[in-house]
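S.K.: Here's a structure for you.
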Amino acid sequence: MTTFDTFFVGDVRIIKVPELALDTVDIAQLFPEGDLQALSKDATHWGEQSFDFERGLLRQSIHAWVVQTPTHTVLIDTATGNDKKRPTAPLFHQLAEPFLERLQEVGVSAEAVDLVLLTHLHADHVGWNTWLQGERWVPTFPNAHYIFSEREYAYNLALSHERIAVESIQRQAGIGTPRHEPLDGVFEDSVMPIVEAGQDQRIVIDNTEIEGFCFHSTPGHSIDHASISLTSQGETALFWGDIMHHPLQFRRPEINSVYCEFPQAAQQSRHKAMHLASELDALVFTTHFGDSSVGKVSRHAHGFDWQFIQGVRP
């Protein structure tokens, strides 16, 4: 039976809804720029829920966050999705995971979700935006507004349909040249159906506030990646998206994952996000850390550190 970690920030209830447990992640594949021996040593600091000591592999997770405020039922990122064709990414290819059933287990139906907030438009963050009905991809959450970056949308649209506009959008972003592009097919099956259904709300990411949630600009992992905060009764939750992929990056924040598109900007945003989390004394909700995936960032003389916080399990 699936267990669900629940956290409380002010009068807001936040629940981790798992999709995939990634327990066999090769360090050299995820962090090809780093020294394998040094990264392995760093990874051990957070214990067996983050590192497989016997096999020398990282433990990660893919999940979504349900956020229940007094007025809204919100999903922050929507994991990978079922039936999506991802032949170049076998881990994501044509899944059949009981994600919607898990939502039901925590008391949330697809119809009850009224906001979907997306940190960025990568495959493992937008997959459950849509589901396959017959031969059509349709919005999974029929009553929700899906909120995401206008620039991220325009860039992915250009990559999909208007390649002539790609360089112009990259110049406008001002974060350099990407070392790779997003995964093929994701925009077409997980974003465009939302726009075609008229359920999208595209925004400028610049401390933009939507229904009490603030979108902070943290580009680099993607062209207009956002981190999202919510403050309730003097307490703050900060949803990091893909600022980091494993807590070992606290020891080596200069190291990017293989999935970061704009390397220098990703490094800069990582430092910005650590500063922000520390300044706000925020409870930080990550998308790929193992263990509870939630923790606090502390500042010390030589940088920042991470401590996992455990949720309540009913």
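Please note that chains go A, B, ... in the order of the structure tokens, that every chain numbers its residues from 1, and that ligands are numbered from 1 in the order shown.
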Excluding stretch 167-183 of chain A and any residue of its chain fewer than 6 positions from it, enumerate the residues within 6 Å of it, using only C-alpha atoms, and give them as a PyMOL selection string.

M.R.: chain A and resi 261-262+265

S.K.: Those same residues - C-alpha atoms - I'd like them written as a PDB file, in the first residue's frame.

M.R.:
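Below you can see selection-v1.pdb, which holds the result:
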ATOM      1  CA  GLU A 261      19.800  22.951 -20.518  1.00  0.00           C
ATOM      2  CA  PHE A 262      21.593  26.239 -19.746  1.00  0.00           C
ATOM      3  CA  ALA A 265      22.225  30.027 -15.504  1.00  0.00           C
TER       4      ALA A 265
END

S.K.: Residues at most 6 Å from stretch 78-93 of chain A, counting only C-alpha atoms, excluding those fewer than 3 positions away in the same chain, as a list in words?

M.R.: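 Within the cut-off, the hits are His63, Ala64, Ala96, Ala123, Asp124, His125, Val126, Gly127 and Trp128 of chain A.
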
S.K.: Please report, as a Markdown table, each residue of stretch 57-134 of chain A lying at most 12 Å from stretch 202-205 of chain A, together with the nearest pair of atoms and the separation in Å rounded to one decimal; use only C-alpha atoms, and order rows by chain and ascending residue number.

M.R.:
| residue | atom | partner | partner_atom | distance |
| --- | --- | --- | --- | --- |
| A:Val116 | CA | A:Arg202 | CA | 11.8 |
| A:Leu117 | CA | A:Arg202 | CA | 10.5 |
| A:Leu118 | CA | A:Arg202 | CA | 10.3 |
| A:Thr119 | CA | A:Ile205 | CA | 9.9 |
| A:His120 | CA | A:Ile205 | CA | 10.8 |

S.K.: Quick one: DSSP strand (DSSP E) residues in stretch 233-266 of chain A, as an NGL selection string?

M.R.: :A and (235-241)

S.K.: Could the residues in this selection be saved with N, CA, C and O atoms as a PDB file, in the first residue's frame?

M.R.:
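Writing done, so here's result.pdb:
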ATOM      1  N   GLU A 235       4.251  31.244   7.740  1.00  0.00           N
ATOM      2  CA  GLU A 235       5.125  30.138   7.343  1.00  0.00           C
ATOM      3  C   GLU A 235       5.147  30.029   5.822  1.00  0.00           C
ATOM      4  O   GLU A 235       4.141  30.316   5.163  1.00  0.00           O
ATOM      5  N   THR A 236       6.288  29.603   5.275  1.00  0.00           N
ATOM      6  CA  THR A 236       6.451  29.584   3.817  1.00  0.00           C
ATOM      7  C   THR A 236       6.830  28.196   3.315  1.00  0.00           C
ATOM      8  O   THR A 236       7.707  27.536   3.869  1.00  0.00           O
ATOM      9  N   ALA A 237       6.143  27.781   2.266  1.00  0.00           N
ATOM     10  CA  ALA A 237       6.518  26.597   1.491  1.00  0.00           C
ATOM     11  C   ALA A 237       7.163  27.083   0.199  1.00  0.00           C
ATOM     12  O   ALA A 237       6.683  28.033  -0.426  1.00  0.00           O
ATOM     13  N   LEU A 238       8.244  26.427  -0.192  1.00  0.00           N
ATOM     14  CA  LEU A 238       8.948  26.789  -1.424  1.00  0.00           C
ATOM     15  C   LEU A 238       9.135  25.526  -2.262  1.00  0.00           C
ATOM     16  O   LEU A 238       9.798  24.581  -1.839  1.00  0.00           O
ATOM     17  N   PHE A 239       8.507  25.531  -3.438  1.00  0.00           N
ATOM     18  CA  PHE A 239       8.558  24.396  -4.348  1.00  0.00           C
ATOM     19  C   PHE A 239       9.661  24.662  -5.365  1.00  0.00           C
ATOM     20  O   PHE A 239       9.548  25.581  -6.183  1.00  0.00           O
ATOM     21  N   TRP A 240      10.693  23.842  -5.308  1.00  0.00           N
ATOM     22  CA  TRP A 240      11.937  24.129  -6.011  1.00  0.00           C
ATOM     23  C   TRP A 240      11.950  23.676  -7.459  1.00  0.00           C
ATOM     24  O   TRP A 240      12.838  24.066  -8.212  1.00  0.00           O
ATOM     25  N   GLY A 241      11.033  22.821  -7.872  1.00  0.00           N
ATOM     26  CA  GLY A 241      11.160  22.276  -9.211  1.00  0.00           C
ATOM     27  C   GLY A 241      12.472  21.514  -9.333  1.00  0.00           C
ATOM     28  O   GLY A 241      12.829  20.713  -8.468  1.00  0.00           O
TER      29      GLY A 241
END

S.K.: Leaving out stretch 286-297 of chain A and any residue of its chain fewer than 3 positions from it, which residues lie within 6 Å of it when counting only C-alpha atoms, given as a list in words?

M.R.: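 The filter keeps Gln49, Ser50, Arg59, Gln60, Ser61, Ile62, Trp240, Gly241, His245, His246, Ser278, Leu283, Asp305, Trp306, Gln307, Phe308, Ile309 and Gln310 of chain A.
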
S.K.: Give the alpha helix (DSSP H) residues of stretch 49-239 of chain A, as assigned by DSSP on the backbone, as a ChimeraX atom specification.

M.R.: /A:99-105,123-126,150-161,166-173,186-190,192-196

S.K.: A:Tyr259: which residues within 8 Å, counting only C-alpha atoms, same-chain residues fewer than 3 positions away excluded, as a PyMOL selection string?

M.R.: chain A and resi 30+221+256

S.K.: Could you write those residues out with N, CA, C and O atoms, as a PDB file, in the first residue's frame?

M.R.:
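Once everything was written out, this is result_16.pdb:
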ATOM      1  N   LEU A  30      23.954  10.860 -14.129  1.00  0.00           N
ATOM      2  CA  LEU A  30      23.201  12.039 -13.721  1.00  0.00           C
ATOM      3  C   LEU A  30      24.073  13.280 -13.639  1.00  0.00           C
ATOM      4  O   LEU A  30      23.647  14.379 -14.009  1.00  0.00           O
ATOM      5  N   HIS A 221      17.869  25.352 -15.645  1.00  0.00           N
ATOM      6  CA  HIS A 221      17.490  23.952 -15.902  1.00  0.00           C
ATOM      7  C   HIS A 221      16.646  23.908 -17.171  1.00  0.00           C
ATOM      8  O   HIS A 221      16.807  23.015 -17.999  1.00  0.00           O
ATOM      9  N   ASN A 256      26.026  20.622 -12.340  1.00  0.00           N
ATOM     10  CA  ASN A 256      24.707  20.528 -12.959  1.00  0.00           C
ATOM     11  C   ASN A 256      24.364  19.074 -13.266  1.00  0.00           C
ATOM     12  O   ASN A 256      25.250  18.246 -13.491  1.00  0.00           O
TER      13      ASN A 256
END

S.K.: Which residues, written as a list in words, have at least one atom at most 12 Å from A:Glu101, with only C-alpha atoms counted and residues fewer than 2 positions away on the same chain left out?

M.R.: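 In the requested form, the answer reads Met1, Thr2, Val17, Pro18, Glu19, Ala96, Glu97, Pro98, Phe99, Leu103, Gln104, Glu105, Val106, Gly107, Val108, Ser109 and Ala110 of chain A.
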
S.K.: Filtering to all heavy atoms, could you give me those residues as a tab-separated table (two decimals), in the first residue's frame?

M.R.:
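File produced: result_3.tsv:
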chain	number	residue	atom	x	y	z
A	1	MET	N	0.84	-1.20	0.00
A	1	MET	CA	0.00	0.00	0.00
A	1	MET	C	0.87	1.25	0.00
A	1	MET	O	1.90	1.31	0.69
A	1	MET	CB	-0.91	0.01	1.23
A	1	MET	CG	-1.84	1.20	1.30
A	1	MET	SD	-2.93	1.09	2.74
A	1	MET	CE	-3.83	2.62	2.57
A	2	THR	N	0.50	2.23	-0.80
A	2	THR	CA	1.26	3.46	-0.90
A	2	THR	C	1.10	4.29	0.38
A	2	THR	O	0.00	4.40	0.93
A	2	THR	CB	0.78	4.30	-2.10
A	2	THR	OG1	0.88	3.50	-3.28
A	2	THR	CG2	1.62	5.55	-2.26
A	17	VAL	N	2.47	12.94	-3.59
A	17	VAL	CA	1.82	11.84	-4.32
A	17	VAL	C	2.86	11.22	-5.25
A	17	VAL	O	3.21	11.79	-6.28
A	17	VAL	CB	0.60	12.33	-5.11
A	17	VAL	CG1	-0.08	11.16	-5.81
A	17	VAL	CG2	-0.39	13.03	-4.19
A	18	PRO	N	3.37	10.04	-4.88
A	18	PRO	CA	4.47	9.45	-5.66
A	18	PRO	C	4.00	8.89	-7.00
A	18	PRO	O	2.87	8.43	-7.14
A	18	PRO	CB	4.99	8.33	-4.75
A	18	PRO	CG	3.83	7.99	-3.88
A	18	PRO	CD	3.04	9.25	-3.70
A	19	GLU	N	4.90	8.95	-7.96
A	19	GLU	CA	4.67	8.28	-9.24
A	19	GLU	C	5.73	7.19	-9.45
A	19	GLU	O	5.40	6.02	-9.60
A	19	GLU	CB	4.71	9.26	-10.40
A	19	GLU	CG	4.38	8.59	-11.74
A	19	GLU	CD	4.69	9.45	-12.95
A	19	GLU	OE1	5.77	10.08	-12.99
A	19	GLU	OE2	3.86	9.48	-13.87
A	96	ALA	N	2.47	2.88	-17.11
A	96	ALA	CA	1.11	2.50	-16.69
A	96	ALA	C	1.09	2.53	-15.17
A	96	ALA	O	0.99	1.50	-14.50
A	96	ALA	CB	0.74	1.13	-17.23
A	97	GLU	N	1.20	3.73	-14.62
A	97	GLU	CA	1.28	3.91	-13.17
A	97	GLU	C	-0.08	4.34	-12.60
A	97	GLU	O	-0.81	5.11	-13.23
A	97	GLU	CB	2.33	4.98	-12.83
A	97	GLU	CG	3.75	4.60	-13.22
A	97	GLU	CD	4.26	3.42	-12.42
A	97	GLU	OE1	3.97	3.34	-11.21
A	97	GLU	OE2	4.95	2.57	-13.01
A	98	PRO	N	-0.42	3.90	-11.38
A	98	PRO	CA	-1.72	4.23	-10.78
A	98	PRO	C	-1.72	5.60	-10.10
A	98	PRO	O	-2.16	5.74	-8.95
A	98	PRO	CB	-1.91	3.10	-9.77
A	98	PRO	CG	-0.53	2.76	-9.33
A	98	PRO	CD	0.35	2.93	-10.56
A	99	PHE	N	-1.25	6.60	-10.80
A	99	PHE	CA	-1.13	7.93	-10.20
A	99	PHE	C	-2.49	8.53	-9.84
A	99	PHE	O	-2.67	9.08	-8.74
A	99	PHE	CB	-0.38	8.86	-11.16
A	99	PHE	CG	-0.19	10.25	-10.63
A	99	PHE	CD1	0.80	10.52	-9.70
A	99	PHE	CD2	-0.99	11.31	-11.06
A	99	PHE	CE1	0.99	11.81	-9.21
A	99	PHE	CE2	-0.82	12.58	-10.58
A	99	PHE	CZ	0.17	12.84	-9.65
A	103	LEU	N	-4.03	9.73	-6.22
A	103	LEU	CA	-4.72	10.98	-5.90
A	103	LEU	C	-6.04	10.72	-5.19
A	103	LEU	O	-6.38	11.39	-4.20
A	103	LEU	CB	-4.98	11.78	-7.19
A	103	LEU	CG	-3.90	12.70	-7.73
A	103	LEU	CD1	-4.41	13.40	-8.99
A	103	LEU	CD2	-3.47	13.73	-6.69
A	104	GLN	N	-6.76	9.75	-5.69
A	104	GLN	CA	-8.04	9.39	-5.06
A	104	GLN	C	-7.83	8.94	-3.61
A	104	GLN	O	-8.63	9.23	-2.73
A	104	GLN	CB	-8.73	8.28	-5.85
A	104	GLN	CG	-9.27	8.72	-7.21
A	104	GLN	CD	-10.62	9.41	-7.12
A	104	GLN	OE1	-11.16	9.65	-6.04
A	104	GLN	NE2	-11.18	9.73	-8.27
A	105	GLU	N	-6.74	8.22	-3.37
A	105	GLU	CA	-6.45	7.73	-2.02
A	105	GLU	C	-6.25	8.87	-1.03
A	105	GLU	O	-6.52	8.70	0.17
A	105	GLU	CB	-5.21	6.84	-2.03
A	105	GLU	CG	-5.43	5.45	-2.60
A	105	GLU	CD	-4.18	4.59	-2.44
A	105	GLU	OE1	-3.72	4.41	-1.29
A	105	GLU	OE2	-3.67	4.11	-3.47
A	106	VAL	N	-5.77	10.01	-1.50
A	106	VAL	CA	-5.60	11.16	-0.59
A	106	VAL	C	-6.82	12.08	-0.63
A	106	VAL	O	-6.80	13.19	-0.10
A	106	VAL	CB	-4.31	11.95	-0.88
A	106	VAL	CG1	-3.10	11.05	-0.74
A	106	VAL	CG2	-4.33	12.61	-2.25
A	107	GLY	N	-7.88	11.61	-1.27
A	107	GLY	CA	-9.14	12.34	-1.26
A	107	GLY	C	-9.29	13.39	-2.33
A	107	GLY	O	-10.13	14.29	-2.20
A	108	VAL	N	-8.50	13.28	-3.41
A	108	VAL	CA	-8.54	14.29	-4.47
A	108	VAL	C	-8.91	13.62	-5.78
A	108	VAL	O	-8.17	12.77	-6.29
A	108	VAL	CB	-7.19	15.01	-4.61
A	108	VAL	CG1	-7.21	15.99	-5.79
A	108	VAL	CG2	-6.83	15.74	-3.32
A	109	SER	N	-10.04	13.99	-6.35
A	109	SER	CA	-10.42	13.52	-7.68
A	109	SER	C	-9.84	14.44	-8.73
A	109	SER	O	-9.48	15.60	-8.44
A	109	SER	CB	-11.94	13.48	-7.81
A	109	SER	OG	-12.47	14.80	-7.79
A	110	ALA	N	-9.75	13.97	-9.95
A	110	ALA	CA	-9.26	14.82	-11.04
A	110	ALA	C	-10.14	16.06	-11.19
A	110	ALA	O	-9.64	17.16	-11.48
A	110	ALA	CB	-9.22	14.03	-12.34

S.K.: Given only C-alpha atoms as the basis, pick out the residue of A:Pro193, A:Gly47, A:Pro314, A:Gly185 nearest to A:Ser160.

M.R.: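 Residue with the minimum atom-to-atom distance to A:Ser160: A:Gly185.
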
S.K.: Quick one: distance from atom CA of A:Glu48 to atom CA of A:Leu22 in Å, one decimal?

M.R.: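 Here the two named atoms are 13.2 Å from each other.
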
S.K.: Can you pull out every residue within 8 Å of A:Glu152, counting only C-alpha atoms, but drop anything in the same chain fewer than 3 positions away, and send it as a list in words?

M.R.: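 The residues satisfying every condition are His120, Leu121, Phe148, Ser149, Tyr155, Asn156, Ser222, Ile223, Asp224 and His225 of chain A.
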
S.K.: Taking 2 positions as the minimum chain separation for residues in the same chain, which residues sit within 10 Å of A:Pro142 when counting only C-alpha atoms? Answer as a list in words.

M.R.: Ala110, Glu111, Ala112, Val113, Asp114, Asn129, Thr130, Val138, Pro139, Thr140, Ala144, His145, Ile194, Ala197 and Gln199 of chain A

S.K.: Just the selected residues (N, CA, C and O atoms), exported as a PDB file, in the first residue's frame, please.

M.R.:
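The resulting file, again.pdb, is shown below:
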ATOM      1  N   ALA A 110      -9.751  13.969  -9.953  1.00  0.00           N
ATOM      2  CA  ALA A 110      -9.265  14.824 -11.044  1.00  0.00           C
ATOM      3  C   ALA A 110     -10.135  16.061 -11.193  1.00  0.00           C
ATOM      4  O   ALA A 110      -9.644  17.158 -11.485  1.00  0.00           O
ATOM      5  N   GLU A 111     -11.448  15.895 -10.957  1.00  0.00           N
ATOM      6  CA  GLU A 111     -12.384  17.019 -11.112  1.00  0.00           C
ATOM      7  C   GLU A 111     -12.215  18.066 -10.018  1.00  0.00           C
ATOM      8  O   GLU A 111     -12.600  19.224 -10.188  1.00  0.00           O
ATOM      9  N   ALA A 112     -11.642  17.673  -8.872  1.00  0.00           N
ATOM     10  CA  ALA A 112     -11.522  18.594  -7.739  1.00  0.00           C
ATOM     11  C   ALA A 112     -10.355  19.561  -7.876  1.00  0.00           C
ATOM     12  O   ALA A 112     -10.328  20.600  -7.204  1.00  0.00           O
ATOM     13  N   VAL A 113      -9.395  19.231  -8.733  1.00  0.00           N
ATOM     14  CA  VAL A 113      -8.221  20.094  -8.896  1.00  0.00           C
ATOM     15  C   VAL A 113      -8.623  21.341  -9.678  1.00  0.00           C
ATOM     16  O   VAL A 113      -9.153  21.247 -10.786  1.00  0.00           O
ATOM     17  N   ASP A 114      -8.385  22.523  -9.089  1.00  0.00           N
ATOM     18  CA  ASP A 114      -8.759  23.741  -9.814  1.00  0.00           C
ATOM     19  C   ASP A 114      -7.575  24.580 -10.276  1.00  0.00           C
ATOM     20  O   ASP A 114      -7.740  25.490 -11.088  1.00  0.00           O
ATOM     21  N   ASN A 129      -0.571  16.276 -17.116  1.00  0.00           N
ATOM     22  CA  ASN A 129      -1.430  17.353 -17.633  1.00  0.00           C
ATOM     23  C   ASN A 129      -2.562  16.764 -18.469  1.00  0.00           C
ATOM     24  O   ASN A 129      -3.681  17.276 -18.479  1.00  0.00           O
ATOM     25  N   THR A 130      -2.217  15.694 -19.199  1.00  0.00           N
ATOM     26  CA  THR A 130      -3.177  15.093 -20.130  1.00  0.00           C
ATOM     27  C   THR A 130      -3.212  13.583 -19.950  1.00  0.00           C
ATOM     28  O   THR A 130      -2.279  12.976 -19.406  1.00  0.00           O
ATOM     29  N   VAL A 138      -6.296  14.582 -23.821  1.00  0.00           N
ATOM     30  CA  VAL A 138      -7.210  15.587 -23.285  1.00  0.00           C
ATOM     31  C   VAL A 138      -6.764  15.960 -21.880  1.00  0.00           C
ATOM     32  O   VAL A 138      -6.066  15.181 -21.203  1.00  0.00           O
ATOM     33  N   PRO A 139      -7.144  17.144 -21.394  1.00  0.00           N
ATOM     34  CA  PRO A 139      -6.745  17.540 -20.042  1.00  0.00           C
ATOM     35  C   PRO A 139      -7.224  16.542 -18.985  1.00  0.00           C
ATOM     36  O   PRO A 139      -8.385  16.149 -18.973  1.00  0.00           O
ATOM     37  N   THR A 140      -6.317  16.138 -18.127  1.00  0.00           N
ATOM     38  CA  THR A 140      -6.646  15.202 -17.051  1.00  0.00           C
ATOM     39  C   THR A 140      -7.528  15.856 -16.001  1.00  0.00           C
ATOM     40  O   THR A 140      -8.386  15.196 -15.401  1.00  0.00           O
ATOM     41  N   ALA A 144      -9.492  22.610 -14.099  1.00  0.00           N
ATOM     42  CA  ALA A 144      -8.307  23.339 -13.644  1.00  0.00           C
ATOM     43  C   ALA A 144      -7.836  24.370 -14.653  1.00  0.00           C
ATOM     44  O   ALA A 144      -7.940  24.179 -15.866  1.00  0.00           O
ATOM     45  N   HIS A 145      -7.290  25.458 -14.123  1.00  0.00           N
ATOM     46  CA  HIS A 145      -6.449  26.361 -14.908  1.00  0.00           C
ATOM     47  C   HIS A 145      -5.016  25.880 -14.755  1.00  0.00           C
ATOM     48  O   HIS A 145      -4.539  25.654 -13.641  1.00  0.00           O
ATOM     49  N   ILE A 194      -3.699  21.280 -23.630  1.00  0.00           N
ATOM     50  CA  ILE A 194      -4.193  22.205 -22.603  1.00  0.00           C
ATOM     51  C   ILE A 194      -4.536  23.548 -23.231  1.00  0.00           C
ATOM     52  O   ILE A 194      -5.586  24.152 -22.949  1.00  0.00           O
ATOM     53  N   ALA A 197      -7.614  23.358 -25.396  1.00  0.00           N
ATOM     54  CA  ALA A 197      -8.837  23.283 -24.595  1.00  0.00           C
ATOM     55  C   ALA A 197      -9.164  24.604 -23.898  1.00  0.00           C
ATOM     56  O   ALA A 197     -10.218  24.723 -23.257  1.00  0.00           O
ATOM     57  N   GLN A 199      -7.575  25.931 -21.353  1.00  0.00           N
ATOM     58  CA  GLN A 199      -7.400  25.835 -19.901  1.00  0.00           C
ATOM     59  C   GLN A 199      -6.070  26.406 -19.420  1.00  0.00           C
ATOM     60  O   GLN A 199      -5.752  26.326 -18.236  1.00  0.00           O
TER      61      GLN A 199
END

S.K.: So how many Å separate atom CA of A:Leu276 and atom CA of A:Gly303, to one decimal?

M.R.: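 If I compute the distance from atom CA of A:Leu276 to atom CA of A:Gly303, I get 13.1 Å.
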
S.K.: Restricting the calculation to only C-alpha atoms, which member of A:Val66, A:Leu230, A:Cys214, A:Leu58 is positioned closest to A:Ala28?

M.R.: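 Distance minimum relative to A:Ala28 lands on A:Leu58.
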